[in-house]
Every structure is written in structure tokens, then in C-alpha cells.
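Contents: one structure, followed by commentary.
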Amino acid sequence: MIRGLYAAYTGLEAAWRYQEALADNIANATTVGFKRQVGALASFEDVLLAQQEPVPAPLPARIQQIVGQIGTGTFVAELTTDLAIGPFQQTGEELDLALERGFFAVEGPDGTRYYTKAGHFQRDGEGRLVTPHGYFVLGADGLPLTLPPTRVAVEPDGRIVADGNEVGRLLLLEFPPEALTRAGPAYFTADGEGIPVDSGLRQGYLELSNTQLTEELTTLLAVHRAYQANQRILATLDTTLERAAGELGRLGG
Amino acid sequence: MTTILAAAASGLAHYQQVVDVVADNVANVSTPGFKATRALAHGAPALPGTPESGPLGVRLTALERRFAPGALQASPFATEVALRDDAFLVLQAPDGTRRYTRAGTLRFDSVGNLVGPEGLLTDPPIVVPGDHTSPSIDAFGRVTALSPDGETVEVGRLQVARFVNPSGLISVGGGLFVPSENAGAVTFGSPGEGGFAELAVGFLEASNVSLADELTTLIVAQRAYSASAQAFRVGDDMLATAARLTA
């Protein structure tokens, strides 16, 4: 019965994690380059199997260990990022870039390199190409790109052309999905160097969020009920334990 | 434990801001020289070394003015001008600092000063002497007037300016802008020279707001706001459930 308590607890905890991801998906329904997280439903065997593997990023270790042993059955075992392409919005802006394949490479202030689909860029005061956070967008040489003050054309292969001359080239890389680690709503870090890709870049477009609002809301309600159900189980087990402790051991009438 | 609420609340705050921006754009659909703003949501990259998948929710609403040109429309005033390129007219505030504008609603005031939006003087100031008549502006920004003896004399020339990054300009109302650090270097010049286009005299640049775009944005923002509110309610209910776990 004590084990049952833990099963209910892990159910509550997993539901909470799932709702966090769903609320994040919904809040980011229009965020540029956002990739939603989806819960993978796992049967009992799958959960046991998953337990042999290293613990994936978002879930603390104890959930998987315990879920695997108790088998809360068909509940969310892990969250994965859905890398499906989001809808393209035509904006006509010079530095709105959308990729059909691959990722842009950007560099944070501490030198960390991130990969993103969020091609919403601008010039900073010195003409460098930056994200709205001020992260540098990298060129094919791995260094921050600097643009001329005149309007530039960005070709589908990432070449940047101003007045007929090539003035730079975007670093556009593709990775196998398992090499990418989620590092924020639209950002990834990667193991390995990646492979250059013919990205089918489109200038004047933005890739928006791939959130499926109807699906997120439906799942939100379903997981809410699952959370309540786990709470009922916990309450019932608590009552049973109370009986066991309070009544079973009592002597006489 | 309040993570669901925080994520949902960030969505509510963002979509509220989108609606505010749409309202401002729509209100200025017929303001000459007006530039629409767009509000784009961004997430923040996770800091390196943190095991979590990154901060939840919308972390940054990037407000960005779109300097795409508006259509030219004929003006009944021969002193009004439209810029045909990405430059700005240069005006000066009463304190002597510069203001930049796309709104070429220029007029001569009662004492012959050429003034722009909000009654600001041009920079440099252009004054038509009291005994001169029929002031006019040509495509090169030259302001001329007829002297008492019937000769056409040039009394001044409009100055235009261009920025490396116009998105770095800050709106101070009335269609006027001041540069921030992000605007980068400014180049001054005269219309029709040194890479600046000639002016369209007797025309005004219409607002670049597209009603269809704005209304689409509004509908999406309303739906996403409702969805975020729903996520907030559910998160709240789950907290309440957690507070009475064994009841």
C-alpha cells in the first residue's frame, strides 16, 4: 500500500511536468521558431525498458525509477521535442529568414553556440547580424556576420549579397535529431559539428511556432483529469492506511 | 510548484501586449508617415549547464517598428513631401536636439518658418524673409521664394538622414523618432545627392499599416490569450488539488 502511495505520487509529479510543457506550448503559440514538447505515452513494458536507458533531460531520475517499478501504466514517460516545421509567415522584412531544413548558428555572450530556427534577426549599432537577445548570428567561417548598411539579399543557400557582391554566408547546419538537446523554447545545443545543408532559405518569411493549439488544450484537460484521478487514489490509499493503522490493531470492541 | 501558472501568465502578458500594439497600429491606419509596430514572442536560450530544458513561457516580446515604405498619396498642400527611400527628415526640438521623421507634413508658419510635425523647426532652420512671397519646395529639398523684386531666391535646403539600423530608433510620439545606441551611425545629406533619393513634392507617405494583417494578428492573439487563460485556470485548479491531496 505504501508502494501505491508512491505510484500515485509519481503520477501527480509526471502530470505536473506534462502540464508545465503544455502551458509552455500554449504560451508560445506564436513564438518565432518555437518547437513544442510532446509527452510520449508509454505502456508498462516501455517504462521498464526506458529505465535501462540513461535518464533523459527534463525528468528527474526518481520518476523513471519508480514509474518503472510500479507501473502506473499508460502515462507520460518522457517529454520529447517535436521538431516538425512550423508555419511560415510572410513579412517582407529584409532580415526575417526562414529555413526549410537545418538550423541557424548563433553565439551567446559567453561563447556558447546555439542552434535555432528562429530567423528573426536585426542589425546592431555596428552592423552585426544579431538575434533580439543580442546573440551574434554566425557566418560560414564560424565568426559573427557583419552586414553592410545597404539592403541585402539572402539567397536560398545562405549567401548574403549586397549590390551584386557576396558579402558573407550564413552558417546553416543540419543535425540528426538525437544530437540535439533542447536549450530553451527555440534553441538547441548539439553534440558534434553538424553537416552543411541546402536549407532552402526564404528571405522575408518567419517560421512560427509549431504548437497545435487544439491538441494542446485537449491534452491539457485530459492530463488535468489524470492529475485529479491520482489525487483520488492517494486520498483512498490514505483512508485505507488510516483504517489499517487505527482500526485493525485495536483490541476488543 | 507555480511553474504552470508562470508559463501561462507569460502567455497572457505577451498576448495582451500584442493586442495593445494592434490597437495602436489600427488607430494610426491613416496617419501620414506612420510605421506599424509588430510584437514578436521569443523564448530565452537556457543557460549552459542547467539540466532543465530551459525557461518556460514567453521570455521576451520584441517590439519592432517596421520601416517598410507606405504608399504615396497626393496631398493638397504643395509644401508636403514624401521620402522615396529609407531616409528621414531632420527636425529640431525646442531644446536643440534632433528629431527624425518620415511624415513630410511641412508647412510655413505665420512668421515664415518651415515647420514639420508637432510644429518643430527643420534642422537647419529654414525661414522665408517677411518680404518674400510664394515659398515652394522642389524635389531636391531646396526651398525657394520670390523676392520683392520678382527674383526666385533659395532660402534653405532640407536635410535628410539615414541610419544603419532604423529599428534602433525610439518613437517619441507624433511620428518623431530619436536614435538609440542600436540605431548605429547616421549619415546626413541632401535629397537627390549622395545616395539619397529625390523627394516627391505634393505627396505624403501613407501609413504602412495593413488592416488585414492587423486583424489576423488580433484574432490569433485573442485565441492564444484564451488558451493561456485556460492553462492558467487548470494550473490553479491543480494547485488547489495539491493543497488537499488526501481529502
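Simple scheme: letters A, B, ... for chains in C-alpha cells order, numbers from 1 for residues in each chain, numbers from 1 for ligands in the order shown.
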Compile the contact shell of Leu176 of chain B as a short mmCIF file (atom, residue, chain, number, x, y, z; two decimals) with N, CA and C atoms, in the first residue's frame: residues with an atom at most 9 Å away, counting only C-alpha atoms, same-chain residues fewer than 5 positions apart removed.
```
data_model
loop_
_atom_site.label_atom_id
_atom_site.label_comp_id
_atom_site.auth_asym_id
_atom_site.auth_seq_id
_atom_site.Cartn_x
_atom_site.Cartn_y
_atom_site.Cartn_z
N LEU B 91 14.51 67.26 -38.06
CA LEU B 91 13.87 68.41 -37.40
C LEU B 91 14.63 68.67 -36.12
N ARG B 99 15.30 65.57 -34.05
CA ARG B 99 14.22 64.59 -34.18
C ARG B 99 14.19 64.16 -35.64
N TYR B 100 13.80 62.89 -35.85
CA TYR B 100 13.76 62.36 -37.21
C TYR B 100 12.34 61.91 -37.51
N THR B 101 11.89 62.12 -38.74
CA THR B 101 10.52 61.74 -39.06
C THR B 101 10.40 61.30 -40.51
N ARG B 102 9.39 60.46 -40.74
CA ARG B 102 9.03 60.08 -42.11
C ARG B 102 7.83 60.90 -42.58
N ALA B 103 7.21 61.63 -41.68
CA ALA B 103 5.99 62.37 -42.01
C ALA B 103 6.38 63.73 -42.59
N PRO B 117 5.99 68.07 -38.33
CA PRO B 117 5.03 67.56 -37.35
C PRO B 117 5.30 68.17 -35.97
N GLU B 118 4.25 68.38 -35.20
CA GLU B 118 4.34 68.93 -33.84
C GLU B 118 4.87 70.36 -33.85
N ILE B 170 13.83 55.19 -31.52
CA ILE B 170 12.79 55.16 -30.49
C ILE B 170 11.74 56.20 -30.84
N SER B 171 10.48 55.77 -30.83
CA SER B 171 9.39 56.70 -31.13
C SER B 171 9.15 57.60 -29.93
#
```
Enumerate as an MDAnalysis selection string all residues of segment 143-185 of chain A assigned to strand (DSSP E or B) by DSSP on the backbone, naming them with the chain letters and numbers the document uses. chainID A and resid 144 146 153:154 159:162 165:170 172:174 180:182
So what do you get for atom CA of Arg233 of chain B versus atom CA of Ala13 of chain B, distance-wise?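 Interatomic distance, atom CA of Arg233 of chain B to atom CA of Ala13 of chain B: 15.2 Å.
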For atom CA of Ile137 of chain B and atom CA of Val81 of chain B, the interatomic separation in Å (one decimal):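 Interatomic distance, atom CA of Ile137 of chain B to atom CA of Val81 of chain B: 8.4 Å.
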Please list as a PyMOL selection string every residue within 10 Å of Arg223 of chain B, counting only C-alpha atoms and excluding residues in the same chain fewer than 6 positions away. (chain A and resi 29+213) or (chain B and resi 15+229)
Using only C-alpha atoms, please write the residues we just selected to a file, as a PDB file, in the first residue's frame.
```pdb
ATOM      1  CA  ALA A  29       1.743  29.539 -29.685  1.00  0.00           C
ATOM      2  CA  LEU A 213      -3.442  24.790 -30.049  1.00  0.00           C
TER       3      LEU A 213
ATOM      4  CA  TYR B  15      -0.848  38.398 -25.994  1.00  0.00           C
ATOM      5  CA  ALA B 229      -6.104  31.687 -19.604  1.00  0.00           C
TER       6      ALA B 229
END
```
Å distance separating atom CA of Val155 of chain B from atom CA of Pro129 of chain B, one decimal place: 8.3 Å
